[in-house]
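Okay, my_file.cif is below, mmCIF, C-alpha atoms and all ligand atoms:
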```cif
data_model
loop_
_atom_site.label_atom_id
_atom_site.label_comp_id
_atom_site.auth_asym_id
_atom_site.auth_seq_id
_atom_site.Cartn_x
_atom_site.Cartn_y
_atom_site.Cartn_z
CA MET A 1 17.22 30.40 18.99
CA ARG A 2 16.77 31.35 15.35
CA ILE A 3 13.23 30.76 14.13
CA HIS A 4 12.41 30.80 10.46
CA HIS A 5 10.11 33.82 10.22
CA LEU A 6 7.67 32.12 7.90
CA THR A 7 7.51 29.01 10.07
CA ARG A 8 7.02 31.07 13.20
CA ARG A 9 4.22 33.07 11.65
CA ARG A 10 2.51 29.93 10.44
CA ALA A 11 3.02 28.13 13.75
CA ARG A 12 1.54 31.06 15.65
CA SER A 13 -1.48 31.04 13.44
CA GLY A 14 -2.02 27.39 14.30
CA LEU A 15 -1.96 26.06 10.78
CA LEU A 16 -1.21 22.40 10.30
CA ALA A 17 1.96 20.78 9.07
CA GLY A 18 0.70 20.61 5.51
CA LEU A 19 0.79 24.38 5.37
CA LEU A 20 4.27 24.37 6.87
CA ALA A 21 5.27 21.94 4.17
CA ALA A 22 4.03 24.08 1.34
CA ALA A 23 5.56 27.26 2.75
CA SER A 24 9.03 25.98 3.45
CA VAL A 25 9.39 23.89 0.33
CA LEU A 26 8.54 27.01 -1.59
CA ALA A 27 11.29 28.74 0.36
CA LEU A 28 13.70 26.11 -0.96
CA GLY A 29 12.72 26.99 -4.49
CA VAL A 30 10.56 23.98 -5.24
CA THR A 31 7.13 24.55 -6.68
CA VAL A 32 4.44 23.07 -4.50
CA ALA A 33 0.72 23.59 -4.85
CA GLN A 34 -0.99 25.48 -2.07
CA PRO A 35 -3.48 23.65 0.13
CA GLY A 36 -6.95 23.77 -1.27
CA THR A 37 -5.88 23.17 -4.82
CA ALA A 38 -6.08 19.81 -6.59
CA GLU A 39 -2.39 19.20 -5.85
CA ALA A 40 -2.43 19.88 -2.11
CA ALA A 41 -0.27 17.33 -0.34
CA ALA A 42 -2.04 14.71 1.70
CA SER A 43 -0.48 13.83 5.06
CA LEU A 44 2.02 10.99 5.24
CA LYS A 45 -0.46 9.32 7.58
CA SER A 46 -3.36 9.39 5.12
CA LEU A 47 -1.10 8.12 2.33
CA ALA A 48 0.30 5.30 4.45
CA ASP A 49 -3.17 4.40 5.73
CA ALA A 50 -4.32 4.06 2.13
CA LYS A 51 -1.43 1.69 1.44
CA GLY A 52 -2.05 -0.36 4.59
CA ARG A 53 1.43 0.42 5.92
CA ASP A 54 2.67 2.05 9.08
CA ILE A 55 4.39 5.43 9.06
CA GLY A 56 5.88 5.92 12.49
CA PHE A 57 8.02 8.29 14.50
CA ALA A 58 10.08 8.13 17.68
CA LEU A 59 8.29 10.15 20.34
CA ASP A 60 9.69 11.98 23.33
CA PRO A 61 6.48 12.73 25.27
CA ASN A 62 8.16 15.72 26.93
CA ARG A 63 8.12 17.52 23.57
CA LEU A 64 4.35 17.31 23.09
CA PRO A 65 3.68 20.72 24.70
CA GLU A 66 5.68 22.26 21.82
CA GLY A 67 3.01 23.28 19.30
CA PRO A 68 4.63 22.39 15.96
CA TYR A 69 5.95 19.11 17.37
CA LYS A 70 2.48 17.97 18.38
CA GLN A 71 0.83 19.26 15.21
CA ILE A 72 3.19 17.24 13.06
CA ALA A 73 2.94 14.19 15.32
CA ASP A 74 -0.84 14.35 15.25
CA ALA A 75 -1.17 14.86 11.50
CA GLU A 76 1.59 12.87 9.88
CA PHE A 77 1.95 9.51 11.61
CA ASN A 78 -0.15 6.43 12.34
CA LEU A 79 2.40 4.73 14.63
CA VAL A 80 4.42 5.86 17.64
CA VAL A 81 7.53 4.38 19.22
CA ALA A 82 9.05 5.63 22.46
CA GLU A 83 12.49 7.07 21.77
CA ASN A 84 13.64 6.32 25.33
CA ALA A 85 10.60 5.96 27.61
CA MET A 86 10.23 2.17 27.52
CA LYS A 87 13.91 1.22 27.85
CA TRP A 88 15.21 -0.77 30.80
CA ASP A 89 16.80 2.20 32.63
CA ALA A 90 13.61 4.25 32.21
CA THR A 91 11.21 1.53 33.36
CA GLU A 92 13.14 -0.29 36.12
CA PRO A 93 15.61 2.17 37.68
CA ASN A 94 15.87 -0.01 40.80
CA PRO A 95 15.53 -3.78 41.00
CA ASN A 96 11.91 -4.82 40.58
CA GLN A 97 10.70 -1.21 41.03
CA PHE A 98 8.94 -0.07 37.91
CA THR A 99 8.17 3.43 36.67
CA PHE A 100 5.76 3.56 33.77
CA GLY A 101 4.86 7.26 33.75
CA GLN A 102 6.72 8.16 30.57
CA GLY A 103 5.81 4.92 28.82
CA ASP A 104 2.18 5.38 29.75
CA ALA A 105 2.36 8.94 28.35
CA VAL A 106 3.46 7.48 25.02
CA VAL A 107 0.65 4.92 25.02
CA ASN A 108 -1.96 7.49 26.09
CA TYR A 109 -0.86 9.92 23.40
CA ALA A 110 -1.10 7.19 20.77
CA ALA A 111 -4.53 6.10 22.00
CA SER A 112 -5.82 9.69 21.88
CA GLY A 113 -5.05 9.85 18.17
CA GLY A 114 -5.82 6.27 17.17
CA LYS A 115 -2.17 5.50 16.49
CA LYS A 116 -0.46 2.15 16.95
CA VAL A 117 2.36 1.75 19.48
CA TYR A 118 5.58 -0.07 18.65
CA GLY A 119 7.51 -1.18 21.75
CA HIS A 120 11.20 -0.27 22.06
CA THR A 121 12.98 -2.04 23.65
CA LEU A 122 12.81 -4.84 26.20
CA VAL A 123 16.48 -5.86 26.24
CA TRP A 124 19.42 -3.79 25.02
CA HIS A 125 22.99 -3.75 26.31
CA ASN A 126 22.81 0.07 26.25
CA GLN A 127 20.69 2.05 28.70
CA MET A 128 20.62 -0.81 31.19
CA PRO A 129 20.21 0.45 34.77
CA ASN A 130 23.39 0.55 36.87
CA TRP A 131 22.16 -2.13 39.26
CA THR A 132 22.43 -4.79 36.55
CA ALA A 133 26.17 -4.25 36.10
CA ASN A 134 27.41 -6.57 38.84
CA LEU A 135 24.86 -9.38 38.62
CA SER A 136 26.04 -12.96 38.09
CA GLY A 137 24.87 -14.84 35.00
CA PRO A 138 21.95 -16.59 36.73
CA ASP A 139 20.91 -13.39 38.49
CA LEU A 140 21.12 -11.36 35.27
CA LEU A 141 19.00 -13.94 33.45
CA ALA A 142 16.42 -13.85 36.23
CA ALA A 143 16.45 -10.04 36.20
CA MET A 144 16.05 -9.97 32.41
CA LYS A 145 13.11 -12.37 32.50
CA ASN A 146 11.45 -10.45 35.32
CA HIS A 147 11.96 -7.18 33.46
CA ILE A 148 10.34 -8.57 30.31
CA ALA A 149 7.46 -10.10 32.25
CA LYS A 150 6.69 -6.86 34.08
CA VAL A 151 7.17 -4.41 31.22
CA ALA A 152 5.53 -6.41 28.44
CA GLY A 153 2.88 -7.42 31.00
CA HIS A 154 2.17 -3.80 31.93
CA PHE A 155 1.66 -2.79 28.29
CA LYS A 156 -0.06 -6.04 27.31
CA GLY A 157 -2.63 -5.59 24.56
CA LYS A 158 -1.43 -2.08 23.71
CA ILE A 159 1.70 -2.84 21.69
CA VAL A 160 1.54 -4.10 18.10
CA ALA A 161 5.14 -5.34 18.15
CA TRP A 162 8.10 -5.26 20.52
CA ASP A 163 11.78 -4.89 19.84
CA VAL A 164 12.43 -7.75 22.23
CA VAL A 165 16.17 -7.70 21.65
CA ASN A 166 18.09 -4.75 20.27
CA GLU A 167 21.59 -4.65 18.75
CA ALA A 168 22.76 -8.10 19.87
CA PHE A 169 25.21 -8.64 17.03
CA ALA A 170 28.77 -7.41 16.56
CA ASP A 171 29.82 -4.74 14.10
CA GLY A 172 32.27 -5.58 11.35
CA GLY A 173 32.61 -8.80 9.48
CA SER A 174 32.76 -11.36 12.28
CA GLY A 175 29.11 -12.34 12.06
CA GLY A 176 29.24 -12.99 15.80
CA ARG A 177 27.34 -11.79 18.82
CA ARG A 178 28.09 -8.46 20.46
CA ASP A 179 30.35 -8.91 23.48
CA SER A 180 27.79 -7.45 25.93
CA ILE A 181 27.33 -8.36 29.58
CA LEU A 182 24.25 -10.33 28.55
CA GLN A 183 26.32 -12.40 26.16
CA GLN A 184 29.27 -12.75 28.55
CA ARG A 185 27.33 -13.76 31.62
CA ILE A 186 24.34 -15.68 30.26
CA GLY A 187 25.79 -17.04 27.04
CA ASN A 188 24.15 -17.66 23.67
CA SER A 189 20.77 -18.61 25.14
CA TRP A 190 19.94 -15.09 26.35
CA ILE A 191 18.23 -14.09 23.12
CA GLU A 192 15.84 -17.01 22.96
CA GLU A 193 15.17 -16.72 26.69
CA ALA A 194 14.12 -13.13 26.04
CA PHE A 195 11.79 -14.06 23.19
CA ARG A 196 10.14 -16.85 25.19
CA ALA A 197 9.60 -14.50 28.13
CA ALA A 198 8.10 -11.84 25.85
CA ARG A 199 5.66 -14.30 24.24
CA ALA A 200 4.52 -15.45 27.68
CA ALA A 201 4.01 -11.86 28.86
CA ASP A 202 2.06 -10.57 25.84
CA PRO A 203 0.98 -13.32 23.44
CA GLY A 204 -0.74 -10.77 21.17
CA ALA A 205 2.34 -8.66 20.40
CA LYS A 206 4.61 -9.48 17.49
CA LEU A 207 8.15 -10.10 18.64
CA CYS A 208 11.04 -8.54 16.74
CA ILE A 209 14.81 -8.47 16.76
CA ASN A 210 16.21 -5.09 15.77
CA ASP A 211 19.66 -3.87 14.70
CA TYR A 212 21.64 -1.26 12.76
CA SER A 213 24.01 -1.65 9.80
CA THR A 214 21.93 -4.63 8.78
CA ASP A 215 20.03 -2.83 6.01
CA GLY A 216 22.01 -4.48 3.22
CA ILE A 217 23.28 -8.03 2.85
CA ASN A 218 26.42 -8.32 4.97
CA ALA A 219 27.96 -10.45 7.72
CA LYS A 220 25.89 -8.81 10.44
CA SER A 221 22.53 -9.11 8.66
CA THR A 222 23.38 -12.68 7.67
CA ALA A 223 24.06 -13.51 11.33
CA ILE A 224 20.55 -12.30 12.19
CA TYR A 225 19.15 -14.15 9.19
CA ASN A 226 20.71 -17.37 10.50
CA LEU A 227 19.30 -16.71 13.98
CA VAL A 228 15.78 -16.17 12.61
CA ARG A 229 16.03 -19.32 10.49
CA ASP A 230 17.23 -21.29 13.52
CA PHE A 231 14.45 -19.89 15.75
CA LYS A 232 11.83 -20.78 13.15
CA ALA A 233 13.22 -24.32 12.84
CA ARG A 234 13.25 -24.87 16.61
CA GLY A 235 9.95 -23.15 17.40
CA VAL A 236 11.44 -20.24 19.33
CA PRO A 237 8.88 -17.43 19.00
CA ILE A 238 9.91 -14.67 16.60
CA ASP A 239 7.65 -12.70 14.25
CA CYS A 240 9.59 -9.79 12.81
CA VAL A 241 12.92 -8.17 12.11
CA GLY A 242 13.63 -4.46 12.44
CA PHE A 243 16.14 -2.67 10.24
CA GLN A 244 17.10 0.59 11.93
CA ALA A 245 18.40 2.32 8.80
CA HIS A 246 20.55 4.99 10.45
CA LEU A 247 21.95 5.90 7.06
CA ILE A 248 24.29 8.43 5.44
CA ILE A 249 23.26 10.36 2.32
CA GLY A 250 24.21 8.60 -0.89
CA GLN A 251 24.67 5.28 0.89
CA VAL A 252 21.35 3.45 0.82
CA PRO A 253 22.45 -0.14 0.24
CA GLY A 254 21.60 -1.22 -3.30
CA ASP A 255 20.59 -4.64 -2.02
CA MET A 256 18.29 -3.40 0.74
CA GLN A 257 15.15 -4.73 -0.95
CA ALA A 258 16.76 -8.13 -1.55
CA ASN A 259 17.87 -8.17 2.07
CA LEU A 260 14.42 -7.43 3.51
CA GLN A 261 12.88 -9.91 1.08
CA ARG A 262 15.16 -12.76 2.17
CA PHE A 263 13.98 -12.26 5.76
CA ALA A 264 10.34 -12.06 4.66
CA ASP A 265 10.85 -15.34 2.83
CA LEU A 266 11.69 -16.95 6.19
CA GLY A 267 8.13 -16.15 7.27
CA VAL A 268 8.66 -13.03 9.39
CA ASP A 269 7.49 -9.45 8.96
CA VAL A 270 10.09 -6.79 8.36
CA ARG A 271 10.06 -3.10 9.19
CA VAL A 272 12.30 -0.06 8.84
CA THR A 273 12.44 0.97 12.48
CA GLU A 274 14.66 4.03 13.06
CA LEU A 275 15.17 5.77 9.74
CA ASP A 276 17.32 8.87 9.55
CA ILE A 277 19.76 9.88 6.83
CA ARG A 278 22.54 12.13 8.01
CA MET A 279 24.93 14.43 6.19
CA SER A 280 27.84 16.67 7.04
CA THR A 281 26.47 19.96 8.33
CA PRO A 282 25.53 22.55 7.33
CA ALA A 283 23.01 21.21 4.87
CA ASN A 284 22.77 22.67 1.38
CA ALA A 285 20.40 22.17 -1.54
CA THR A 286 22.53 19.47 -3.16
CA LYS A 287 22.80 17.40 0.01
CA LEU A 288 19.11 17.84 0.75
CA ALA A 289 18.23 16.64 -2.75
CA THR A 290 20.38 13.54 -2.29
CA GLN A 291 18.75 12.96 1.07
CA ALA A 292 15.28 13.27 -0.43
CA ALA A 293 16.12 10.71 -3.11
CA ASP A 294 17.47 8.39 -0.40
CA TYR A 295 14.34 8.68 1.73
CA LYS A 296 12.28 7.85 -1.34
CA LYS A 297 14.43 4.79 -2.04
CA VAL A 298 13.98 3.45 1.48
CA VAL A 299 10.20 3.93 1.46
CA ASN A 300 10.03 2.31 -1.96
CA VAL A 301 12.03 -0.66 -0.67
CA CYS A 302 9.48 -1.18 2.07
CA LEU A 303 6.55 -0.83 -0.31
CA ALA A 304 8.12 -3.38 -2.65
CA VAL A 305 8.25 -6.03 0.07
CA ALA A 306 4.77 -7.31 0.86
CA ARG A 307 5.71 -8.24 4.45
CA CYS A 308 7.24 -4.84 5.23
CA ALA A 309 4.88 -3.44 7.85
CA GLY A 310 6.11 0.13 7.49
CA VAL A 311 8.73 2.77 8.03
CA THR A 312 9.47 4.67 11.23
CA VAL A 313 11.59 7.82 11.34
CA TRP A 314 13.78 8.36 14.41
CA GLY A 315 12.25 11.66 15.44
CA ILE A 316 10.41 14.60 13.92
CA THR A 317 12.80 17.52 13.89
CA ASP A 318 16.55 17.89 13.43
CA LYS A 319 16.42 20.04 16.56
CA TYR A 320 16.15 16.97 18.79
CA SER A 321 17.95 14.34 16.74
CA TRP A 322 20.51 12.16 18.51
CA ILE A 323 22.95 12.48 15.59
CA PRO A 324 24.97 15.66 16.31
CA GLY A 325 25.70 14.49 19.85
CA VAL A 326 27.12 11.20 18.65
CA PHE A 327 28.55 12.22 15.27
CA PRO A 328 29.93 15.76 15.67
CA GLY A 329 29.75 17.69 12.40
CA GLU A 330 26.91 15.55 11.08
CA GLY A 331 23.15 15.92 11.33
CA ALA A 332 20.17 17.30 9.41
CA ALA A 333 19.06 13.68 9.21
CA LEU A 334 15.30 13.94 9.65
CA ILE A 335 12.55 15.22 7.36
CA TRP A 336 11.74 18.41 9.26
CA ASP A 337 14.55 20.84 10.01
CA GLU A 338 15.35 22.39 13.38
CA ASN A 339 12.62 25.00 12.81
CA TYR A 340 10.01 22.40 11.89
CA ALA A 341 10.15 23.32 8.21
CA PRO A 342 9.71 20.24 6.04
CA LYS A 343 12.74 19.44 3.93
CA PRO A 344 12.67 18.03 0.39
CA ALA A 345 12.73 14.59 2.00
CA TYR A 346 9.20 15.21 3.29
CA GLN A 347 7.79 15.53 -0.22
CA ALA A 348 9.94 12.58 -1.34
CA VAL A 349 8.39 10.36 1.33
CA ALA A 350 4.93 11.60 0.36
CA ASP A 351 5.67 10.91 -3.31
CA ALA A 352 6.83 7.39 -2.49
CA LEU A 353 3.73 6.76 -0.43
CA GLY A 354 1.60 7.63 -3.43
CA SER A 355 1.10 11.32 -3.28
CA GLY A 356 1.33 13.33 -6.45
CA PRO A 357 -0.73 15.50 -8.65
CA THR A 358 -4.38 14.55 -8.50
CA PRO A 359 -5.54 13.91 -12.06
CA VAL A 360 -7.74 16.73 -13.28
CA PRO A 361 -11.12 15.27 -14.31
CA THR A 362 -11.70 15.64 -18.04
CA THR A 363 -15.01 16.99 -19.22
CA PRO A 364 -16.69 14.84 -21.87
CA VAL A 365 -17.27 16.74 -25.13
O1 LIG B 1 17.50 10.90 31.09
C1 LIG B 1 18.76 11.57 31.24
C2 LIG B 1 18.60 12.84 31.97
O2 LIG B 1 18.15 12.55 33.28
C3 LIG B 1 19.92 13.59 31.98
O3 LIG B 1 19.75 14.85 32.59
C4 LIG B 1 20.44 13.79 30.57
C5 LIG B 1 21.81 14.45 30.53
O4 LIG B 1 22.52 14.11 29.37
O5 LIG B 1 20.55 12.54 29.97
C6 LIG B 1 19.32 11.85 29.87
O6 LIG B 1 19.52 10.64 29.22
C7 LIG B 1 19.72 10.71 27.83
C8 LIG B 1 18.64 9.87 27.15
O7 LIG B 1 18.88 9.81 25.77
C9 LIG B 1 17.24 10.44 27.39
O8 LIG B 1 17.15 11.73 26.87
C10 LIG B 1 21.08 10.16 27.50
O9 LIG B 1 22.09 11.02 28.00
C11 LIG B 1 21.25 9.98 26.02
O10 LIG B 1 22.47 9.27 25.77
C12 LIG B 1 20.10 9.17 25.46
O11 LIG B 1 20.28 9.06 24.07
C13 LIG B 1 19.45 8.14 23.42
C14 LIG B 1 20.26 6.99 22.88
O12 LIG B 1 19.41 6.11 22.15
C15 LIG B 1 20.94 6.22 23.98
O13 LIG B 1 21.88 5.36 23.42
C16 LIG B 1 18.77 8.88 22.27
O14 LIG B 1 17.90 9.87 22.78
C17 LIG B 1 18.00 7.89 21.39
O15 LIG B 1 17.58 8.54 20.22
C18 LIG B 1 18.89 6.73 21.01
O16 LIG B 1 18.15 5.82 20.26
C19 LIG B 1 18.84 4.66 19.80
C20 LIG B 1 17.85 3.53 19.80
O17 LIG B 1 17.25 3.40 21.05
C21 LIG B 1 18.51 2.23 19.34
N1 LIG B 1 19.19 2.38 18.08
C22 LIG B 1 20.11 3.51 17.98
C23 LIG B 1 19.41 4.81 18.40
C24 LIG B 1 20.37 5.99 18.26
O18 LIG B 1 21.43 5.87 19.14
#
```
Spit out the file's structure as structure tokens when you get a sec.
Amino acid sequence: MRIHHLTRRRARSGLLAGLLAAASVLALGVTVAQPGTAEAAASLKSLADAKGRDIGFALDPNRLPEGPYKQIADAEFNLVVAENAMKWDATEPNPNQFTFGQGDAVVNYAASGGKKVYGHTLVWHNQMPNWTANLSGPDLLAAMKNHIAKVAGHFKGKIVAWDVVNEAFADGGSGGRRDSILQQRIGNSWIEEAFRAARAADPGAKLCINDYSTDGINAKSTAIYNLVRDFKARGVPIDCVGFQAHLIIGQVPGDMQANLQRFADLGVDVRVTELDIRMSTPANATKLATQAADYKKVVNVCLAVARCAGVTVWGITDKYSWIPGVFPGEGAALIWDENYAPKPAYQAVADALGSGPTPVPTTPV
């Protein structure tokens, strides 16, 4: 494994991510003040805290023994979401037999650093355990409700908001539901059944619906908009909408702010839940600059919408991103590279969150 010599030296010496940031951005030819000067970068966490917004990351608790991973996690974020540890296959591998070790590790890590936990995800057609595949409609509904009761019940009081239902709508322009086994066997009611079960299990958690390719105004986001409006009208519990924002450089939807705002106007919170911005690999300075501008745009969108609770990035380092495995030839989507060096996008996020040169006090004459 190739390790950037500067990063390795810094990591060995135990310096924090802010030092890594300054060093590697310098390596990219951008002038950044050294820590200790008036222009030293604050952490993303301190900047987001000051704005009253969440800055989150998807955590794999198995990576925490890796020094730079934990240093960045500790320093830069005020919210944690489990990348995989709270999903149905991870928590209920056999019917009504629950395994919370990994999920508890996420919660315990968050608690140790005073970070919030965002729950992901109670019901998703993907990563369902094999035993659900052959259930009848009534049995699948019962299994889904039991799963929600047990999982949301186990974590009750520790989760600020749950992705109750993930990716329930179809891609393309149909504006319809995804043709999942939940939809096929239970029918349209499965989503509201899930939300009612989640409210009963943890009345203190906000309940969200979450999806991808819904960041701009399009048929899919409008289908979710109509569902939220319908739920609000009929008193089905729903509190928030997640916009995953798995984006491509140069393609942040121009109407993203208007889209989030129209949901907020329905009386729900909104949140950017899984942000990453991929490019064809290898990265180069031009692509990284475009990516940085795109990250800044997305953070600015959230800041411009009063009900946007925050932004979560889908991982720390490009080393462990899901992208290359699913989109061969693409990657470099996160804000730290595979050697934990911060990319220009790191400073762009900091700038958007309000970092910048500290004004030099003037001396009265
Ligand atoms: O746990 C098994 C392990 O036992 C096995 O040895 C290994 C071999 O491949 O696989 C492990 O499971 C993997 C799992 O992540 C946990 O690491 C799966 O293969 C792998 O497909 C799975 O990928 C996750 C993916 O969701 C599943 O669709 C990614 O890490 C995760 O980043 C990704 O996250 C999703 C969100 O939950 C929802 N929105 C889209 C986003 C990206 O796909």
As a quick test: using all atoms listed in the file, which residues lie no more than 7 Å away from ligand LIG 1 (chain B)? Give them as a PDB file with C-alpha atoms, keeping the file's coordinate frame.
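The result, written out as part.pdb:
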```
ATOM      1  CA  GLU A  83      12.490   7.070  21.770  1.00  0.00           C
ATOM      2  CA  ASN A  84      13.640   6.320  25.330  1.00  0.00           C
ATOM      3  CA  ASN A 126      22.810   0.070  26.250  1.00  0.00           C
ATOM      4  CA  GLN A 127      20.690   2.050  28.700  1.00  0.00           C
ATOM      5  CA  TYR A 212      21.640  -1.260  12.760  1.00  0.00           C
ATOM      6  CA  GLN A 244      17.100   0.590  11.930  1.00  0.00           C
ATOM      7  CA  GLU A 274      14.660   4.030  13.060  1.00  0.00           C
ATOM      8  CA  TRP A 314      13.780   8.360  14.410  1.00  0.00           C
ATOM      9  CA  SER A 321      17.950  14.340  16.740  1.00  0.00           C
ATOM     10  CA  TRP A 322      20.510  12.160  18.510  1.00  0.00           C
TER      11      TRP A 322
END
```
Could you tell me which of A:Lys70, A:His154, A:Arg185, A:Lys297 comes closest to A:Ile277 if we count all atoms listed in the file?
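The closest residue to A:Ile277 is A:Lys297.
With atom CA of A:His147 on one side and atom CA of A:Lys87 on the other, the separation reads 10.3 Å.
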re atom CA of A:His125 and atom CA of A:Asp202: distance 22.0 Å
Among listed residues A:Cys308, A:Val349, A:Leu59, A:Ala90, nearest A:Asn130 (using all atoms listed in the file):
A:Ala90
